[in-house]
Structures are given as C-alpha cells and as structure tokens.
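Containing mmCIF, C-alpha atoms and all ligand atoms: start.cif.
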```
data_run
loop_
_atom_site.label_atom_id
_atom_site.label_comp_id
_atom_site.auth_asym_id
_atom_site.auth_seq_id
_atom_site.Cartn_x
_atom_site.Cartn_y
_atom_site.Cartn_z
CA MET A 5 0.00 0.00 0.00
CA ILE A 6 1.15 3.51 -0.77
CA ASP A 7 -0.95 6.33 0.70
CA GLY A 8 -3.84 3.95 1.27
CA LYS A 9 -3.82 2.70 -2.33
CA LYS A 10 -2.93 -0.74 -3.63
CA VAL A 11 0.09 -0.86 -5.89
CA LEU A 12 0.18 -1.75 -9.57
CA PHE A 13 3.34 -2.55 -11.56
CA SER A 14 3.77 -3.31 -15.23
CA GLY A 15 6.31 -2.89 -17.97
CA MET A 16 6.99 -3.22 -21.66
CA GLN A 17 10.10 -3.85 -23.66
CA SER A 18 11.39 -1.08 -25.84
CA THR A 19 12.31 -3.54 -28.55
CA GLY A 20 10.77 -3.46 -32.02
CA ASN A 21 7.63 -1.63 -33.01
CA LEU A 22 4.80 -1.85 -30.54
CA THR A 23 1.76 -3.69 -31.84
CA LEU A 24 -1.96 -3.52 -31.36
CA GLY A 25 -1.51 -6.59 -29.13
CA ASN A 26 0.65 -4.59 -26.73
CA TYR A 27 -1.96 -1.86 -26.67
CA LEU A 28 -5.11 -3.96 -26.27
CA GLY A 29 -3.52 -6.60 -24.05
CA ALA A 30 -1.72 -4.21 -21.73
CA LEU A 31 -1.49 -0.46 -22.24
CA LYS A 32 -5.23 0.09 -22.58
CA ASN A 33 -5.84 -1.68 -19.25
CA TRP A 34 -3.06 0.28 -17.59
CA VAL A 35 -4.93 3.46 -18.39
CA SER A 36 -8.26 2.16 -17.12
CA LEU A 37 -6.71 0.99 -13.83
CA SER A 38 -4.53 4.00 -13.20
CA ASP A 39 -6.95 5.92 -10.97
CA GLU A 40 -7.63 3.00 -8.69
CA TYR A 41 -4.01 2.07 -7.93
CA GLU A 42 -0.66 3.66 -7.15
CA CYS A 43 1.00 2.79 -10.45
CA PHE A 44 4.54 2.09 -11.64
CA TYR A 45 5.03 1.69 -15.39
CA SER A 46 8.50 0.86 -16.52
CA VAL A 47 10.24 0.86 -19.87
CA VAL A 48 12.13 -2.37 -19.24
CA ASP A 49 15.34 -1.71 -21.12
CA LEU A 50 17.38 -4.17 -19.03
CA HIS A 51 15.19 -6.92 -20.41
CA SER A 52 15.71 -5.69 -23.96
CA ILE A 53 19.41 -6.53 -24.08
CA THR A 54 18.72 -10.24 -23.62
CA VAL A 55 18.50 -10.02 -27.41
CA ARG A 56 21.26 -8.15 -29.25
CA GLN A 57 20.32 -4.48 -29.83
CA ASP A 58 21.68 -1.55 -31.77
CA PRO A 59 22.52 0.97 -28.99
CA ALA A 60 21.30 4.14 -30.75
CA GLU A 61 18.13 2.41 -31.85
CA LEU A 62 17.47 1.05 -28.36
CA ARG A 63 17.84 4.51 -26.82
CA LYS A 64 15.51 6.01 -29.40
CA ARG A 65 12.89 3.33 -28.94
CA ALA A 66 13.04 3.54 -25.16
CA ARG A 67 12.26 7.25 -25.27
CA ALA A 68 9.48 6.69 -27.80
CA LEU A 69 7.95 4.03 -25.57
CA LEU A 70 8.04 6.25 -22.52
CA THR A 71 6.39 9.01 -24.55
CA LEU A 72 3.80 6.55 -25.78
CA TYR A 73 2.82 5.63 -22.22
CA ILE A 74 1.94 9.28 -21.68
CA ALA A 75 0.26 9.60 -25.09
CA ALA A 76 -1.94 6.60 -24.24
CA GLY A 77 -3.34 8.56 -21.31
CA LEU A 78 -1.10 7.84 -18.32
CA ASP A 79 -0.57 11.06 -16.43
CA PRO A 80 3.09 11.12 -15.30
CA GLU A 81 2.14 13.31 -12.33
CA LYS A 82 0.05 10.47 -10.95
CA ASN A 83 1.76 7.43 -12.47
CA CYS A 84 5.42 6.67 -12.08
CA ILE A 85 6.70 6.26 -15.64
CA TYR A 86 10.41 5.51 -15.77
CA TYR A 87 13.31 3.60 -17.35
CA GLN A 88 14.19 0.37 -15.56
CA SER A 89 17.91 1.07 -16.17
CA HIS A 90 17.65 4.29 -14.12
CA VAL A 91 16.78 2.38 -10.97
CA SER A 92 19.71 0.16 -10.06
CA ALA A 93 17.70 -1.70 -7.41
CA HIS A 94 16.15 -3.80 -10.22
CA ALA A 95 19.47 -5.40 -11.08
CA GLU A 96 20.47 -5.73 -7.42
CA LEU A 97 17.28 -7.48 -6.32
CA SER A 98 17.39 -9.62 -9.42
CA TRP A 99 20.78 -11.01 -8.33
CA ILE A 100 19.46 -11.86 -4.89
CA LEU A 101 16.35 -13.52 -6.30
CA ASN A 102 18.49 -15.54 -8.70
CA CYS A 103 19.75 -17.32 -5.62
CA PHE A 104 16.17 -18.24 -4.71
CA THR A 105 15.12 -19.53 -8.12
CA TYR A 106 15.71 -23.04 -9.41
CA MET A 107 17.15 -23.96 -12.80
CA GLY A 108 14.29 -26.45 -13.19
CA GLU A 109 11.72 -23.67 -12.84
CA LEU A 110 13.43 -21.50 -15.43
CA ASN A 111 13.80 -24.47 -17.77
CA ARG A 112 10.02 -24.73 -17.95
CA MET A 113 9.49 -21.19 -19.24
CA THR A 114 7.95 -21.31 -22.70
CA GLN A 115 9.13 -17.81 -23.62
CA PHE A 116 12.72 -18.89 -22.99
CA LYS A 117 12.27 -21.92 -25.19
CA ASP A 118 10.72 -19.81 -27.96
CA LYS A 119 13.36 -17.09 -27.80
CA ALA A 120 16.22 -19.58 -27.55
CA ALA A 121 14.93 -21.25 -30.71
CA LYS A 122 14.71 -17.88 -32.48
CA HIS A 123 18.14 -16.67 -31.35
CA ALA A 124 20.08 -19.92 -31.39
CA ASP A 125 23.37 -18.04 -31.83
CA ASN A 126 22.87 -16.00 -28.63
CA ILE A 127 21.30 -18.11 -25.88
CA ASN A 128 22.77 -15.99 -23.09
CA ALA A 129 22.33 -16.37 -19.34
CA GLY A 130 20.26 -13.18 -19.25
CA LEU A 131 17.70 -14.73 -21.55
CA PHE A 132 17.49 -17.68 -19.17
CA THR A 133 17.13 -15.61 -15.98
CA TYR A 134 14.84 -13.04 -17.64
CA PRO A 135 11.84 -14.06 -15.47
CA VAL A 136 13.86 -13.42 -12.30
CA LEU A 137 14.46 -9.82 -13.35
CA MET A 138 10.77 -9.55 -14.05
CA ALA A 139 10.04 -10.88 -10.54
CA ALA A 140 12.43 -8.27 -9.14
CA ASP A 141 10.59 -5.52 -11.04
CA ILE A 142 7.29 -6.48 -9.55
CA LEU A 143 8.39 -7.37 -6.01
CA LEU A 144 10.48 -4.21 -5.54
CA TYR A 145 7.31 -2.11 -5.51
CA GLN A 146 5.32 -4.59 -3.41
CA ALA A 147 2.84 -4.69 -6.27
CA ASP A 148 -0.61 -6.12 -5.59
CA VAL A 149 -1.60 -6.33 -9.22
CA VAL A 150 0.18 -6.72 -12.56
CA PRO A 151 -1.84 -6.08 -15.73
CA VAL A 152 -0.42 -8.14 -18.60
CA GLY A 153 -1.48 -10.07 -21.67
CA LYS A 154 -1.93 -13.86 -21.41
CA ASP A 155 1.57 -14.57 -22.74
CA GLN A 156 3.07 -13.24 -19.49
CA LEU A 157 1.03 -15.40 -17.11
CA GLN A 158 3.75 -18.01 -16.69
CA HIS A 159 6.18 -15.27 -15.63
CA LEU A 160 3.66 -14.02 -13.10
CA GLU A 161 3.33 -17.53 -11.72
CA ILE A 162 7.09 -17.86 -11.17
CA THR A 163 7.13 -14.39 -9.57
CA ARG A 164 4.52 -15.56 -7.08
CA ASP A 165 6.50 -18.75 -6.39
CA ILE A 166 9.71 -16.80 -5.76
CA ALA A 167 7.90 -14.35 -3.46
CA GLN A 168 6.27 -17.12 -1.48
CA ARG A 169 9.53 -19.03 -1.20
CA PHE A 170 11.37 -15.96 0.08
CA ASN A 171 8.57 -15.08 2.50
CA GLY A 172 8.58 -18.68 3.72
CA ILE A 173 12.22 -18.33 4.75
CA TYR A 174 12.40 -14.72 5.97
CA GLY A 175 8.86 -13.76 6.98
CA ASP A 176 6.51 -11.39 5.20
CA VAL A 177 8.89 -9.44 2.99
CA PHE A 178 7.08 -9.37 -0.37
CA THR A 179 3.49 -8.79 -1.37
CA VAL A 180 2.45 -11.74 -3.52
CA PRO A 181 1.09 -10.16 -6.74
CA GLU A 182 -1.99 -11.11 -8.74
CA PRO A 183 -2.07 -10.91 -12.53
CA TYR A 184 -4.76 -8.76 -14.12
CA ILE A 185 -5.98 -9.93 -17.52
CA GLY A 186 -8.43 -7.70 -19.39
CA LYS A 187 -11.81 -9.02 -20.54
CA ALA A 188 -11.08 -8.41 -24.22
CA GLY A 189 -7.79 -8.37 -26.08
CA ALA A 190 -5.71 -10.49 -23.68
CA LYS A 191 -4.27 -12.42 -26.60
CA ILE A 192 -4.36 -10.75 -29.99
CA MET A 193 -3.28 -13.11 -32.73
CA SER A 194 -1.32 -12.57 -35.96
CA LEU A 195 -3.45 -11.31 -38.86
CA GLN A 196 -1.63 -13.71 -41.18
CA ASP A 197 -1.59 -16.80 -38.97
CA PRO A 198 -4.22 -16.74 -36.21
CA SER A 199 -2.56 -19.66 -34.42
CA LYS A 200 0.37 -17.35 -33.47
CA LYS A 201 0.24 -14.28 -31.23
CA MET A 202 0.67 -10.88 -32.82
CA SER A 203 4.28 -10.04 -32.10
CA LYS A 204 6.67 -7.12 -32.57
CA SER A 205 9.29 -9.53 -33.84
CA ASP A 206 7.20 -11.09 -36.62
CA GLU A 207 9.08 -10.71 -39.90
CA ASN A 208 5.86 -10.46 -41.90
CA THR A 209 4.80 -6.84 -41.36
CA ASN A 210 1.29 -7.65 -42.61
CA ALA A 211 0.82 -9.92 -39.60
CA SER A 212 0.85 -7.06 -37.07
CA ILE A 213 -0.77 -3.67 -36.73
CA TYR A 214 1.89 -1.31 -35.40
CA LEU A 215 0.72 1.49 -33.17
CA MET A 216 2.19 4.06 -35.53
CA ASP A 217 0.69 2.58 -38.72
CA ASP A 218 -1.24 5.19 -40.70
CA PRO A 219 -4.98 4.68 -41.35
CA ASP A 220 -4.54 3.42 -44.91
CA THR A 221 -2.01 0.82 -43.83
CA ILE A 222 -4.26 -0.32 -41.00
CA ILE A 223 -7.27 -0.76 -43.30
CA ARG A 224 -5.14 -2.53 -45.91
CA LYS A 225 -3.75 -5.00 -43.34
CA PHE A 226 -7.23 -5.83 -42.09
CA LYS A 227 -8.50 -6.32 -45.64
CA ARG A 228 -5.71 -8.87 -46.14
CA ALA A 229 -6.24 -10.61 -42.81
CA VAL A 230 -6.43 -14.38 -43.09
CA THR A 231 -9.92 -15.73 -42.31
CA ASP A 232 -11.68 -18.83 -43.66
CA SER A 233 -14.30 -19.81 -46.22
CA GLU A 234 -17.20 -20.32 -43.78
CA GLY A 235 -18.58 -16.88 -44.50
CA GLN A 236 -20.16 -16.34 -41.08
CA ILE A 237 -19.12 -13.88 -38.41
CA VAL A 238 -19.34 -16.20 -35.42
CA TYR A 239 -17.13 -16.30 -32.33
CA ARG A 240 -15.90 -19.89 -32.14
CA GLU A 241 -12.72 -21.97 -31.95
CA GLU A 242 -13.13 -23.35 -35.47
CA GLN A 243 -12.81 -19.85 -36.97
CA PRO A 244 -9.67 -18.49 -35.29
CA GLY A 245 -9.17 -15.67 -37.82
CA ILE A 246 -12.69 -14.31 -37.41
CA ARG A 247 -12.52 -14.89 -33.67
CA ASN A 248 -9.40 -12.74 -33.50
CA LEU A 249 -11.05 -9.96 -35.51
CA ILE A 250 -14.06 -10.09 -33.18
CA ASP A 251 -11.70 -9.86 -30.21
CA ILE A 252 -10.03 -6.81 -31.70
CA TYR A 253 -13.35 -5.17 -32.52
CA SER A 254 -14.68 -5.93 -29.00
CA ALA A 255 -11.60 -4.52 -27.33
CA CYS A 256 -11.78 -1.33 -29.42
CA THR A 257 -15.50 -0.70 -29.10
CA GLY A 258 -16.32 -2.18 -25.68
CA LYS A 259 -18.95 -4.47 -27.27
CA THR A 260 -19.19 -8.12 -26.24
CA PRO A 261 -18.55 -10.86 -28.84
CA GLU A 262 -22.31 -11.64 -28.80
CA GLN A 263 -23.13 -8.03 -29.62
CA VAL A 264 -20.59 -8.09 -32.45
CA GLU A 265 -22.11 -11.31 -33.85
CA ALA A 266 -25.55 -9.69 -33.79
CA GLU A 267 -24.28 -6.49 -35.42
CA PHE A 268 -22.75 -8.39 -38.34
CA ALA A 269 -25.25 -11.25 -38.72
CA GLY A 270 -25.79 -11.92 -42.41
CA LYS A 271 -23.03 -9.53 -43.47
CA GLY A 272 -19.91 -10.42 -45.41
CA TYR A 273 -16.28 -10.62 -44.32
CA GLY A 274 -15.36 -7.59 -46.46
CA GLU A 275 -17.73 -5.32 -44.57
CA PHE A 276 -16.70 -6.72 -41.21
CA LYS A 277 -12.96 -6.34 -41.90
CA MET A 278 -13.54 -2.73 -42.93
CA ALA A 279 -15.42 -2.04 -39.69
CA VAL A 280 -12.63 -3.61 -37.61
CA GLY A 281 -10.05 -1.49 -39.44
CA GLU A 282 -12.03 1.68 -38.82
CA ALA A 283 -12.53 0.85 -35.14
CA VAL A 284 -8.77 0.40 -34.77
CA VAL A 285 -8.04 3.67 -36.60
CA ASP A 286 -10.48 5.46 -34.23
CA VAL A 287 -8.49 4.17 -31.26
CA LEU A 288 -4.99 4.69 -32.65
CA LYS A 289 -5.31 8.02 -34.43
CA PRO A 290 -5.75 10.17 -31.28
CA LEU A 291 -2.92 8.27 -29.61
CA GLN A 292 -0.62 8.94 -32.58
CA ASP A 293 -1.52 12.64 -32.61
CA ARG A 294 -0.76 13.00 -28.89
CA PHE A 295 2.46 11.04 -29.38
CA HIS A 296 3.66 13.43 -32.11
CA ASP A 297 2.79 16.50 -30.01
CA LEU A 298 4.51 15.15 -26.92
CA SER A 299 7.61 14.11 -28.83
CA GLN A 300 8.20 17.78 -29.71
CA ASN A 301 8.29 18.71 -26.04
CA LYS A 302 11.79 17.59 -25.10
CA ASP A 303 12.02 19.46 -21.78
CA TYR A 304 8.75 18.04 -20.56
CA ILE A 305 9.73 14.45 -21.35
CA ASP A 306 13.14 15.02 -19.76
CA SER A 307 11.52 16.26 -16.55
CA VAL A 308 9.24 13.20 -16.44
CA ILE A 309 12.28 10.94 -16.85
CA LYS A 310 14.19 12.63 -14.06
CA ASN A 311 11.40 13.06 -11.51
CA ASN A 312 9.93 9.63 -11.92
CA ALA A 313 13.26 7.82 -11.73
CA GLU A 314 13.76 9.47 -8.35
CA LYS A 315 10.31 8.47 -7.17
CA ALA A 316 10.75 4.87 -8.37
CA SER A 317 14.19 4.64 -6.74
CA TYR A 318 12.78 5.79 -3.42
CA TYR A 319 10.22 2.96 -3.24
CA ALA A 320 12.50 0.36 -4.82
CA ASN A 321 15.36 1.07 -2.43
CA LYS A 322 13.07 0.73 0.56
CA THR A 323 12.30 -2.87 -0.41
CA LEU A 324 15.89 -3.57 -1.46
CA ARG A 325 17.26 -2.46 1.93
CA LYS A 326 14.77 -4.68 3.72
CA VAL A 327 15.78 -7.67 1.58
CA GLN A 328 19.51 -7.01 2.02
CA LYS A 329 19.04 -6.96 5.77
CA LYS A 330 16.98 -10.15 5.75
CA VAL A 331 19.55 -12.15 3.79
CA GLY A 332 22.34 -10.99 6.09
CA PHE A 333 24.29 -8.28 4.24
CA PRO A 334 26.07 -5.93 6.65
CA GLU A 335 24.59 -2.49 7.32
CA LYS A 336 26.37 0.41 5.68
CA VAL A 337 28.48 2.51 8.06
CA ARG A 338 27.35 6.14 7.74
P1 LIG B 1 6.30 -7.32 -23.88
O1 LIG B 1 7.12 -6.09 -24.05
O2 LIG B 1 6.55 -8.48 -24.79
O3 LIG B 1 4.78 -6.96 -24.00
C1 LIG B 1 4.21 -5.90 -23.27
C2 LIG B 1 2.79 -6.26 -22.86
O4 LIG B 1 1.99 -6.52 -24.02
C3 LIG B 1 1.33 -7.78 -23.87
N1 LIG B 1 1.21 -8.41 -25.19
C4 LIG B 1 0.06 -8.84 -25.72
N2 LIG B 1 -1.19 -8.83 -25.25
C5 LIG B 1 -2.16 -9.33 -26.04
N3 LIG B 1 -1.93 -9.83 -27.29
C6 LIG B 1 -0.68 -9.87 -27.80
N4 LIG B 1 -0.46 -10.34 -29.02
C7 LIG B 1 0.39 -9.36 -27.00
N5 LIG B 1 1.73 -9.21 -27.19
C8 LIG B 1 2.22 -8.64 -26.07
C9 LIG B 1 2.24 -8.58 -22.94
O5 LIG B 1 1.54 -9.62 -22.30
C10 LIG B 1 2.72 -7.52 -21.98
O6 LIG B 1 1.77 -7.32 -20.96
N6 LIG B 1 8.39 -9.49 -19.97
C11 LIG B 1 7.47 -8.44 -20.36
C12 LIG B 1 7.85 -7.07 -19.84
C13 LIG B 1 8.04 -6.98 -18.38
C14 LIG B 1 7.02 -6.96 -17.41
C15 LIG B 1 7.69 -6.82 -16.16
C16 LIG B 1 5.64 -7.00 -17.46
C17 LIG B 1 9.23 -6.90 -17.74
N7 LIG B 1 9.02 -6.80 -16.38
C18 LIG B 1 6.97 -6.80 -14.96
C19 LIG B 1 4.94 -6.96 -16.27
C20 LIG B 1 5.61 -6.84 -15.02
C21 LIG B 1 7.45 -8.39 -21.86
O7 LIG B 1 8.38 -8.75 -22.53
O8 LIG B 1 6.36 -7.80 -22.37
#
```
As structure tokens:
Amino acid sequence: MIDGKKVLFSGMQSTGNLTLGNYLGALKNWVSLSDEYECFYSVVDLHSITVRQDPAELRKRARALLTLYIAAGLDPEKNCIYYQSHVSAHAELSWILNCFTYMGELNRMTQFKDKAAKHADNINAGLFTYPVLMAADILLYQADVVPVGKDQLQHLEITRDIAQRFNGIYGDVFTVPEPYIGKAGAKIMSLQDPSKKMSKSDENTNASIYLMDDPDTIIRKFKRAVTDSEGQIVYREEQPGIRNLIDIYSACTGKTPEQVEAEFAGKGYGEFKMAVGEAVVDVLKPLQDRFHDLSQNKDYIDSVIKNNAEKASYYANKTLRKVQKKVGFPEKVR
C-alpha cells in the first residue's frame, strides 16, 4: 500500500515496433486501472538486451515508448513512468532472487524456449534468468496487481513462487502479486496466422498492426487478414481468424462478442474487416496525434524521466534495503 492505495506494476520492452496486441492486451488496461491504484510503469530496457540491440536504436525506442505511455493517457504526475535502467535496485534485487530460483523452474518457461529457438546463436544467461528480473521488477514495488497479456502469465506464476519461497524463509517481505488480464484483447493473434500471437518480432509486417501505422495501412492490413471460407461472423474456436477480428473489434468498441455477432449477422467478411479497421483507426489516431505532439516537447519528457526515476528509486530502495538486511548483508556505516 502507498498512501492507502494498492500498488500496480507493469512494464513493456522497448524492442521493435509496438503492436496492437501490446496496446489492447496491456497499455489500454493500464490506463483504465490507473486511478484506482498507485501505479509504476517501466520501460524495461534491461530486459531488452537479452536479445542483441543496436545501442542508438534502443535509446531512441526507449524514449518513444516512454512518450507513448503518456500519449496513451497515463498522467506522469500520478503514475510513475520511468526507465528500468535508471533504478539500479532492479538489477540488485534480481541477483538476490536468482539465488532463490531453481534452474528447473526456469527451464520450464515457454518464452525462454521460444526465444532460444529464435536466437540460437545467442542463448545468453540473461535470456534464461529473464523471469527473475521480471520478478524483481514487480516485487520491488510490493505490487498487488500486474496487468499483462496472457503470454506473461507463466512469468507471473514464477514471480509468485519466488515471493512465497522468500517469504517462507524470511517472513513477510514481499506482497504476492496477482495478474490482471483484461476481458477483451488479452491475446491478440497474428493477422496472417491466427494460431500465433501478434508479435513485434514477426518478420511479416502484414501480420501485425503497429501502433504508428497510418490509417490506410491499417485498413489494408485488415482487408488482407487471413480468415476462412465459412462466410459467417461467429465467435468460435473453429474460426480463429474471425474470432481474432471479433476480439479486436470488442476490445476497441467495448462491445461483447455476442453483440458483435448480432451487429454483423448476415453480413460479409469484407464489410466486417472494414469495420474492424475503422474501429482500430479510431483508437490509434488520437494516440498517434498526442504522441507526435509530446515528442516535440523535449524538456517536458526530460523532466518526467528525471522526476519519476527518483520516485521509483525511493520505493525500490526501501524494499531492497529490507531484503539485504533479511539475507544478512552488513549495514552500511554512515
Ligand atoms: P512485452 O514487451 O513483450 O509486452 C508488453 C505487454 O503486451 C502484452 N502483449 C500482448 N497482449 C495481447 N496480445 C498480444 N499479441 C500481445 N503481445 C504482447 C504482454 O503480455 C505484456 O503485458 N516481460 C514483459 C515485460 C516486463 C514486465 C515486467 C511485465 C518486464 N518486467 C513486470 C509486467 C511486469 C514483456 O516482454 O512484455
């Protein structure tokens, strides 16, 4: 609890171009929850280097992502928006938690297996211990809730296991966090292969809607989206392409899948795809406009970066000091 409010933590990697999946699965929910909780939203650049990055590009993308958080509607006066690399407690707690995490647990992580397969030439130790850093992120702020898309649930589970293990040994040190998964949009699938999630790293650019895609590109990608030959707009397992489009439309308009089915009963795929494209443009266009305005305001963004890193460090260091004491590190002599 901070000032009587429960704490929320979440983060995103500043790698690649953010997709509609990132927005509907995470960012959109962050905004809707931000009044209710004391919120920490990190640009997790430490995580990004588990895959080789171009330094200038990484810096540029990290700043763009931080700006995007604000453009999406997170007020940096109320929400702590900061770079993970500016708060050294993340790396320090991560080391400690590494010593409370088993190789067997990390071996089971599906994201590690996927990424190791994709980057076979660079299966580094950071990629393997990635979930421990994520646990450190969350536990440092004593977060009660962590809004994420479905693909991060396994990492939330290991975070809870690490917290409970540590608490079991040392007493109540960490709050055990709960995941928060939104009603719609928790797993947005590729537009070209609805059996795969929409991902920033997909090589086929038609498979993903990027948050900065212009309206024409968005409409064109939806027109080309892979569906099926059934011809009916029905929300069911057997029609994963249409199901995904209904999910996207629901998440953008707030309508339930049943309402969407009723709206498009008897209509063709062409008309439906057009409507989904327009609904997405309606959501993304204002965000893009705010993003471009904010990006011009260098001093403002700089002040957010500075002030919020200080605020995050204050809370993170409080937990870190408690943990250091519990595990038996000597007190500093002042
Ligand atoms: P990342 O950067 O891959 O994704 C950021 C958020 O977007 C969600 N997401 C999706 N949701 C629905 N459909 C999709 N296709 C889709 N793709 C991505 C993700 O679930 C995530 O919520 N490891 C994390 C970042 C992280 C983190 C944390 C998150 C680091 N520390 C602590 C929460 C708490 C990641 O790589 O997310």
If the limit is 8 Å from any atom of ligand LIG 1 (chain B), counting all atoms listed in the file, which residues qualify? Return them as a short mmCIF file (atom, residue, chain, number, x, y, z; two decimals) with C-alpha atoms, in the coordinates of the input.
```cif
data_model
loop_
_atom_site.label_atom_id
_atom_site.label_comp_id
_atom_site.auth_asym_id
_atom_site.auth_seq_id
_atom_site.Cartn_x
_atom_site.Cartn_y
_atom_site.Cartn_z
CA PHE A 13 3.34 -2.55 -11.56
CA SER A 14 3.77 -3.31 -15.23
CA GLY A 15 6.31 -2.89 -17.97
CA MET A 16 6.99 -3.22 -21.66
CA GLN A 17 10.10 -3.85 -23.66
CA SER A 18 11.39 -1.08 -25.84
CA THR A 19 12.31 -3.54 -28.55
CA THR A 23 1.76 -3.69 -31.84
CA LEU A 24 -1.96 -3.52 -31.36
CA GLY A 25 -1.51 -6.59 -29.13
CA ASN A 26 0.65 -4.59 -26.73
CA TYR A 27 -1.96 -1.86 -26.67
CA LEU A 28 -5.11 -3.96 -26.27
CA GLY A 29 -3.52 -6.60 -24.05
CA ALA A 30 -1.72 -4.21 -21.73
CA LEU A 31 -1.49 -0.46 -22.24
CA SER A 46 8.50 0.86 -16.52
CA VAL A 48 12.13 -2.37 -19.24
CA HIS A 51 15.19 -6.92 -20.41
CA TYR A 134 14.84 -13.04 -17.64
CA PRO A 135 11.84 -14.06 -15.47
CA LEU A 137 14.46 -9.82 -13.35
CA MET A 138 10.77 -9.55 -14.05
CA ALA A 139 10.04 -10.88 -10.54
CA ASP A 141 10.59 -5.52 -11.04
CA ILE A 142 7.29 -6.48 -9.55
CA VAL A 150 0.18 -6.72 -12.56
CA PRO A 151 -1.84 -6.08 -15.73
CA VAL A 152 -0.42 -8.14 -18.60
CA GLY A 153 -1.48 -10.07 -21.67
CA LYS A 154 -1.93 -13.86 -21.41
CA ASP A 155 1.57 -14.57 -22.74
CA GLN A 156 3.07 -13.24 -19.49
CA LEU A 157 1.03 -15.40 -17.11
CA HIS A 159 6.18 -15.27 -15.63
CA LEU A 160 3.66 -14.02 -13.10
CA GLY A 189 -7.79 -8.37 -26.08
CA ALA A 190 -5.71 -10.49 -23.68
CA LYS A 191 -4.27 -12.42 -26.60
CA ILE A 192 -4.36 -10.75 -29.99
CA MET A 193 -3.28 -13.11 -32.73
CA SER A 194 -1.32 -12.57 -35.96
CA LYS A 201 0.24 -14.28 -31.23
CA MET A 202 0.67 -10.88 -32.82
CA SER A 203 4.28 -10.04 -32.10
CA LYS A 204 6.67 -7.12 -32.57
#
```
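Residues in contact with A:Gly270 at 12 Å, where only C-alpha atoms are counted and same-chain residues fewer than 6 positions away are skipped, are listed as Gly235, Gln236, Ile237, Val238, Val264 and Phe276 of chain A.
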Gap from atom CA of A:Glu42 to atom CA of A:Asp306 - Å, one decimal: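 Between atom CA of A:Glu42 and atom CA of A:Asp306 the gap is 21.9 Å.
Counting from atom CA of A:His90, the distance to atom CA of A:Gln168 is 27.3 Å.
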What lies within 12 Å of A:Thr221 using only C-alpha atoms, ignoring chain neighbours under 6 positions off, as a list of chain:residue names? A:Thr209, A:Asn210, A:Ala211, A:Ser212, A:Ile213, A:Tyr214, A:Leu215, A:Lys227, A:Arg228, A:Gly281, A:Glu282, A:Val284, A:Val285
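Atom to atom, atom CA of A:Lys187 and atom CA of A:Pro244 stand 17.7 Å apart.
You can rank A:Asn126, A:Asn208, A:Ser89, A:Thr133 by their closest distance to A:Leu110 using all atoms listed in the file, and at the top of that list sits A:Thr133.
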Determine the nearest neighbour of A:Asn83 from the options A:Thr163, A:His123, A:Ala313, A:Leu144, counting all atoms listed in the file.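 Of all the options, A:Ala313 lies closest to A:Asn83.
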